[in-house]
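> My structure is stored as my_file-v4.cif, with mmCIF, C-alpha atoms and all ligand atoms.
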```
data_data
#
loop_
_atom_site.label_atom_id
_atom_site.label_comp_id
_atom_site.auth_asym_id
_atom_site.auth_seq_id
_atom_site.Cartn_x
_atom_site.Cartn_y
_atom_site.Cartn_z
CA MET A 1 -23.93 -25.80 -64.87
CA ARG A 2 -25.69 -22.46 -64.57
CA LEU A 3 -27.50 -23.48 -61.42
CA LYS A 4 -24.21 -24.71 -59.91
CA THR A 5 -22.54 -21.38 -60.73
CA LEU A 6 -25.46 -19.50 -59.18
CA ILE A 7 -25.19 -21.53 -55.97
CA ILE A 8 -21.44 -20.87 -55.78
CA LEU A 9 -22.00 -17.15 -56.30
CA LEU A 10 -24.71 -17.12 -53.60
CA LEU A 11 -22.43 -18.90 -51.13
CA ALA A 12 -19.60 -16.47 -51.88
CA ALA A 13 -21.93 -13.50 -51.31
CA MET A 14 -23.07 -14.96 -47.96
CA LEU A 15 -19.49 -15.36 -46.79
CA VAL A 16 -18.74 -11.72 -47.64
CA PHE A 17 -21.76 -10.48 -45.68
CA THR A 18 -21.03 -12.62 -42.61
CA GLY A 19 -17.35 -11.69 -42.58
CA CYS A 20 -16.29 -15.37 -42.74
CA GLY A 21 -17.42 -15.82 -39.15
CA HIS A 22 -14.86 -13.39 -37.68
CA LYS A 23 -16.30 -10.89 -35.24
CA GLU A 24 -15.01 -7.46 -34.26
CA LYS A 25 -12.80 -7.54 -31.16
CA PRO A 26 -14.75 -5.97 -28.26
CA ALA A 27 -13.34 -2.54 -27.43
CA GLN A 28 -13.27 -3.36 -23.70
CA THR A 29 -10.81 -6.20 -24.15
CA ASP A 30 -8.27 -4.05 -25.99
CA PRO A 31 -5.40 -3.69 -23.49
CA ALA A 32 -4.08 -0.61 -25.35
CA ALA A 33 -7.32 1.23 -24.57
CA ASP A 34 -7.01 0.50 -20.87
CA PRO A 35 -3.32 0.24 -20.02
CA GLN A 36 -3.76 0.49 -16.25
CA GLY A 37 -6.76 -1.83 -16.06
CA GLU A 38 -8.69 1.06 -14.55
CA THR A 39 -11.90 0.32 -16.39
CA ALA A 40 -11.90 -3.22 -15.13
CA ALA A 41 -11.05 -2.12 -11.61
CA GLN A 42 -13.94 0.32 -11.48
CA GLN A 43 -16.40 -2.19 -12.88
CA PRO A 44 -18.40 -3.69 -10.00
CA ALA A 45 -18.31 -7.48 -10.00
CA ASP A 46 -22.10 -7.70 -9.69
CA ASP A 47 -22.92 -5.19 -12.40
CA SER A 48 -26.48 -6.26 -13.21
CA ALA A 49 -26.73 -3.96 -16.25
CA GLY A 50 -23.77 -5.73 -17.81
CA ALA A 51 -25.28 -9.13 -17.13
CA GLU A 52 -28.64 -8.21 -18.76
CA THR A 53 -27.12 -7.03 -22.01
CA GLN A 54 -24.65 -9.93 -22.00
CA GLU A 55 -21.70 -7.68 -22.73
CA PRO A 56 -18.42 -9.48 -23.40
CA GLN A 57 -16.59 -10.30 -20.19
CA LEU A 58 -13.93 -7.80 -19.21
CA PRO A 59 -10.43 -9.24 -18.92
CA THR A 60 -9.83 -10.77 -15.50
CA MET A 61 -7.08 -9.17 -13.43
CA GLU A 62 -3.86 -11.07 -12.89
CA THR A 63 -3.99 -10.69 -9.11
CA SER A 64 -6.37 -9.02 -6.67
CA LEU A 65 -3.72 -6.39 -5.97
CA ASP A 66 -4.01 -5.14 -9.54
CA ALA A 67 -7.64 -4.25 -8.85
CA TYR A 68 -6.52 -1.15 -6.96
CA PRO A 69 -4.54 1.02 -9.36
CA LEU A 70 -3.54 3.75 -6.93
CA GLU A 71 -0.43 4.98 -8.77
CA ALA A 72 -1.85 8.48 -9.26
CA ALA A 73 -2.54 8.96 -5.57
CA THR A 74 0.36 7.03 -4.04
CA ASP A 75 2.68 10.03 -4.16
CA ASP A 76 0.27 12.03 -2.00
CA VAL A 77 1.32 12.52 1.62
CA LEU A 78 -2.13 11.36 2.76
CA VAL A 79 -2.32 8.24 0.59
CA LEU A 80 -4.03 5.38 2.40
CA VAL A 81 -2.31 2.04 2.12
CA ASN A 82 -3.69 -0.91 4.04
CA LYS A 83 -5.02 -4.44 3.52
CA THR A 84 -7.88 -3.23 1.30
CA HIS A 85 -5.99 -0.40 -0.40
CA PRO A 86 -2.70 -1.86 -1.59
CA VAL A 87 0.00 -0.31 -3.75
CA THR A 88 0.78 -1.86 -7.10
CA ARG A 89 3.81 -4.09 -7.51
CA ASP A 90 5.80 -1.63 -9.60
CA TYR A 91 5.33 1.46 -7.41
CA VAL A 92 8.63 2.97 -6.25
CA ALA A 93 8.51 5.99 -3.92
CA PRO A 94 10.17 9.06 -5.42
CA ASP A 95 12.75 11.38 -3.79
CA LEU A 96 14.01 8.78 -1.33
CA VAL A 97 16.97 9.91 0.77
CA THR A 98 19.00 8.10 3.41
CA VAL A 99 18.18 8.86 7.04
CA GLU A 100 21.34 9.52 9.01
CA HIS A 101 20.27 8.24 12.44
CA CYS A 102 19.52 4.59 11.64
CA ASP A 103 20.07 1.32 13.45
CA PRO A 104 23.08 -0.02 11.52
CA ASN A 105 22.14 -3.62 12.37
CA VAL A 106 18.70 -3.58 10.77
CA GLY A 107 17.63 -3.81 7.12
CA ASN A 108 19.70 -2.75 4.16
CA ALA A 109 20.70 0.43 2.29
CA ASP A 110 17.20 0.79 0.78
CA THR A 111 15.31 0.44 4.05
CA LYS A 112 17.37 3.28 5.56
CA LYS A 113 15.60 5.68 3.22
CA MET A 114 12.43 7.75 3.44
CA ARG A 115 10.91 10.40 1.21
CA LYS A 116 12.81 13.68 1.61
CA THR A 117 10.10 15.50 3.63
CA ALA A 118 9.61 12.54 5.97
CA ALA A 119 13.37 11.97 6.28
CA ASP A 120 13.87 15.59 7.39
CA ALA A 121 11.00 15.22 9.85
CA ILE A 122 12.33 11.99 11.38
CA GLU A 123 15.74 13.60 11.91
CA GLU A 124 13.97 16.43 13.77
CA LEU A 125 12.01 13.90 15.84
CA ILE A 126 15.18 12.00 16.73
CA ALA A 127 16.89 15.28 17.72
CA GLY A 128 13.83 16.25 19.80
CA ALA A 129 13.91 12.91 21.61
CA LYS A 130 17.63 13.32 22.23
CA ALA A 131 17.02 16.77 23.74
CA ASP A 132 14.54 15.12 26.13
CA GLY A 133 17.08 12.42 27.04
CA TYR A 134 15.97 9.55 24.74
CA ASP A 135 18.19 7.84 22.16
CA ILE A 136 15.87 6.83 19.36
CA VAL A 137 16.88 5.63 15.90
CA MET A 138 15.04 4.74 12.75
CA ARG A 139 14.99 0.98 12.15
CA THR A 140 13.46 0.73 8.69
CA GLY A 141 11.76 3.20 6.37
CA TYR A 142 11.17 2.43 2.71
CA ARG A 143 10.51 -1.17 1.76
CA SER A 144 10.17 -2.26 -1.85
CA TYR A 145 7.46 -4.67 -2.93
CA ASP A 146 10.06 -7.43 -3.28
CA TYR A 147 11.45 -6.78 0.20
CA GLN A 148 7.94 -7.02 1.66
CA ASP A 149 7.44 -10.24 -0.28
CA TYR A 150 10.58 -11.63 1.34
CA LEU A 151 9.59 -10.41 4.84
CA PHE A 152 6.04 -11.79 4.71
CA ASP A 153 7.24 -15.14 3.37
CA SER A 154 9.82 -15.51 6.12
CA TYR A 155 7.24 -14.71 8.85
CA ALA A 156 4.58 -16.92 7.25
CA SER A 157 6.92 -19.89 6.96
CA LYS A 158 7.78 -19.56 10.67
CA TYR A 159 4.39 -18.73 12.21
CA GLY A 160 1.81 -19.49 9.53
CA GLU A 161 0.15 -17.10 7.10
CA GLU A 162 -2.80 -16.15 9.33
CA GLU A 163 -0.68 -15.08 12.27
CA ALA A 164 1.87 -13.35 10.08
CA ASN A 165 -0.92 -11.27 8.56
CA THR A 166 -1.73 -9.67 11.94
CA TYR A 167 1.61 -7.90 12.16
CA SER A 168 3.36 -8.25 8.80
CA ALA A 169 1.85 -6.77 5.68
CA ARG A 170 1.43 -8.79 2.54
CA PRO A 171 3.36 -7.36 -0.40
CA GLY A 172 1.70 -4.16 -1.61
CA GLN A 173 -0.32 -3.75 1.58
CA SER A 174 2.40 -2.01 3.59
CA GLU A 175 2.67 1.75 3.66
CA HIS A 176 6.42 1.24 3.99
CA GLN A 177 6.35 1.06 0.17
CA THR A 178 5.22 4.71 0.06
CA GLY A 179 8.34 6.00 1.85
CA TRP A 180 6.12 8.04 4.22
CA CYS A 181 6.52 5.87 7.32
CA CYS A 182 9.15 4.15 9.40
CA ASP A 183 9.71 1.92 12.39
CA VAL A 184 11.66 3.53 15.20
CA GLY A 185 13.50 1.86 18.05
CA VAL A 186 16.50 1.75 20.31
CA ILE A 187 19.79 0.17 19.21
CA GLY A 188 20.15 -3.28 20.74
CA VAL A 189 16.44 -3.53 21.65
CA GLY A 190 14.20 -5.92 19.69
CA LEU A 191 11.33 -4.48 17.68
CA THR A 192 8.47 -5.61 19.92
CA ASP A 193 10.44 -4.96 23.14
CA PHE A 194 10.17 -1.26 22.27
CA ASP A 195 6.56 -1.42 23.63
CA TYR A 196 7.78 -1.44 27.22
CA ARG A 197 10.36 1.31 26.89
CA PRO A 198 10.02 4.95 28.03
CA GLU A 199 11.11 5.87 24.49
CA ALA A 200 7.85 4.37 23.18
CA VAL A 201 5.83 6.58 25.52
CA TRP A 202 7.80 9.59 24.32
CA VAL A 203 7.11 8.71 20.68
CA ALA A 204 3.38 8.24 21.30
CA ASP A 205 3.14 11.57 23.14
CA ASN A 206 5.36 13.67 20.90
CA CYS A 207 5.53 12.34 17.34
CA TRP A 208 2.63 14.58 16.21
CA LYS A 209 4.80 17.65 16.86
CA TYR A 210 7.04 16.48 14.00
CA GLY A 211 4.20 15.56 11.63
CA PHE A 212 3.93 11.84 12.50
CA ILE A 213 1.07 9.72 13.83
CA LEU A 214 1.15 6.41 15.65
CA ARG A 215 -0.34 4.39 12.83
CA TYR A 216 -1.52 1.26 14.69
CA PRO A 217 -2.82 2.21 18.17
CA ALA A 218 -3.89 -0.53 20.59
CA ASP A 219 -7.59 0.46 20.58
CA LYS A 220 -7.98 0.64 16.79
CA THR A 221 -6.91 -2.82 15.66
CA ASP A 222 -10.40 -3.55 14.31
CA ILE A 223 -10.03 -0.62 11.90
CA THR A 224 -6.35 -0.88 10.97
CA GLY A 225 -6.22 -4.68 10.87
CA TYR A 226 -2.91 -4.69 12.71
CA ILE A 227 -1.91 -5.31 16.30
CA TYR A 228 -0.58 -2.42 18.38
CA GLU A 229 2.73 -1.23 16.99
CA SER A 230 4.46 1.23 19.28
CA TRP A 231 7.29 1.52 16.75
CA HIS A 232 5.47 2.28 13.49
CA ILE A 233 4.89 5.97 12.79
CA ARG A 234 3.55 7.57 9.63
CA TYR A 235 4.30 11.04 8.30
CA VAL A 236 1.16 13.04 7.41
CA GLY A 237 2.35 16.62 7.99
CA LYS A 238 2.10 18.67 11.18
CA ASP A 239 -1.49 20.00 10.83
CA VAL A 240 -3.06 16.62 10.10
CA ALA A 241 -0.89 14.89 12.72
CA LYS A 242 -2.07 17.35 15.37
CA TYR A 243 -5.72 16.91 14.37
CA ILE A 244 -5.45 13.11 14.41
CA TYR A 245 -3.64 13.17 17.78
CA ASP A 246 -6.09 15.63 19.39
CA ASN A 247 -9.11 13.63 18.24
CA GLY A 248 -7.74 10.14 18.88
CA LEU A 249 -8.21 8.99 15.28
CA VAL A 250 -6.42 6.68 12.89
CA LEU A 251 -5.76 7.62 9.27
CA GLU A 252 -8.70 5.55 7.99
CA GLU A 253 -11.08 7.55 10.23
CA TYR A 254 -9.51 10.89 9.31
CA LEU A 255 -9.90 10.14 5.60
CA GLY A 256 -13.35 8.59 6.08
CA ILE A 257 -12.26 5.43 4.24
CA LEU A 258 -13.34 2.49 6.36
CA ASP A 259 -14.02 -0.12 3.68
ZN ZN B 1 6.34 -0.56 10.18
#
```
Have the structure of the file written as structure tokens, please.

Amino acid sequence: MRLKTLIILLLAAMLVFTGCGHKEKPAQTDPAADPQGETAAQQPADDSAGAETQEPQLPTMETSLDAYPLEAATDDVLVLVNKTHPVTRDYVAPDLVTVEHCDPNVGNADTKKMRKTAADAIEELIAGAKADGYDIVMRTGYRSYDYQDYLFDSYASKYGEEEANTYSARPGQSEHQTGWCCDVGVIGVGLTDFDYRPEAVWVADNCWKYGFILRYPADKTDITGYIYESWHIRYVGKDVAKYIYDNGLVLEEYLGILD
């Protein structure tokens, strides 16, 4: 009996010391400690140091878009948004206001908005064009993540995903979500037909005076990832716009972010 009791006591003591097999939860997997997933995003996939010490695996991200938590920088007038630097799903541009001179037949109430500074600038650009004899309007400005989702899906179902990706951004990869850019055009003229219009030449030559750049020039498609878009202009402020125009750059080159 005594030996049996001793064995039971020994077993009980062992269980106490081993914590009944339960291990401490690794700090890295605690979502409360890393609400934005920033730690995971900054962790290189081929981190050899991590592999050697066999650290617990960090939580995998839900989608690749979540790997670029740019919320803090997205409000900046020079934020870069492209295929490799997307905006998160829940980002909504602040201080959006409706642009007065819009094409009434395009988009919806939301897409007629831009951020206040850019909206003021586009009104000035439209007035400047008018003074030179050109009737330009804004077609679409702000686009929510969900609206981009809808647009890309409708293009992809018509023309295939690969082709759609050369001119239509995947959700989160369009700077339209920042409220800093817009497509301009002429009422009654299709989007791509704007290429051949004298208004497009005016925009390319003059938009920098109002703080805008032609975001997707014909000779920079390898950098921007998009075909020439005569209609898509991006607000960056007058000084930067002039520098980019004078030096024939695109935003990626100006910022030195070419990855
Ligand atoms: Zn556009």
> So the first atom is atom CA of A:Tyr245 and the second is atom CA of A:Ala218; what is the distance between them in Å, to one decimal place?
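Those two atoms sit 14.0 Å apart.
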> Counting only C-alpha atoms, which residues sit no farther than 12 Å from the position (12.5, -2.8, 7.6) in the file's frame? I'd like them as number ranges by chain.
A: 102-114, 138-145, 147-152, 168-169, 174-177, 179, 181-185, 191, 231-232
> For A:Asp239, which of A:Leu78, A:Asp259, A:Ala129, A:Lys83 is the closest residue, counting only C-alpha atoms?
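Going through A:Leu78, A:Asp259, A:Ala129, A:Lys83 one by one, the smallest distance to A:Asp239 is for A:Leu78.
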> Would you compute the distance between atom CA of A:Asp222 and atom CA of A:Asn165? Give it in Å to one decimal.
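If I compute the distance from atom CA of A:Asp222 to atom CA of A:Asn165, I get 13.5 Å.
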> Just checking: using only C-alpha atoms, which residue out of A:Leu125, A:Ile257, A:Pro171, A:Glu199 ends up closest to A:Asp90?
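Comparing A:Leu125, A:Ile257, A:Pro171, A:Glu199 against A:Asp90, the winner is A:Pro171.
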> Just how far from atom CA of A:Gly211 is atom CA of A:Asn82, in Å to one decimal?
19.8 Å
> Just checking: using all atoms listed in the file, which residue out of A:Lys242, A:Arg170, A:Arg89, A:Arg215 ends up closest to A:Ile227?
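Selected residue with least distance to A:Ile227: A:Arg215.
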> Report, as AutoDock Vina command-line options, the axis-aligned box around all atoms of stretch 193-209 of chain A present in the file, extended by 6 Å on each side; give centre and edge lengths in Å to one decimal place.

```
--center_x 6.9 --center_y 6.3 --center_z 22.1 --size_x 20.5 --size_y 34.6 --size_z 23.8
```
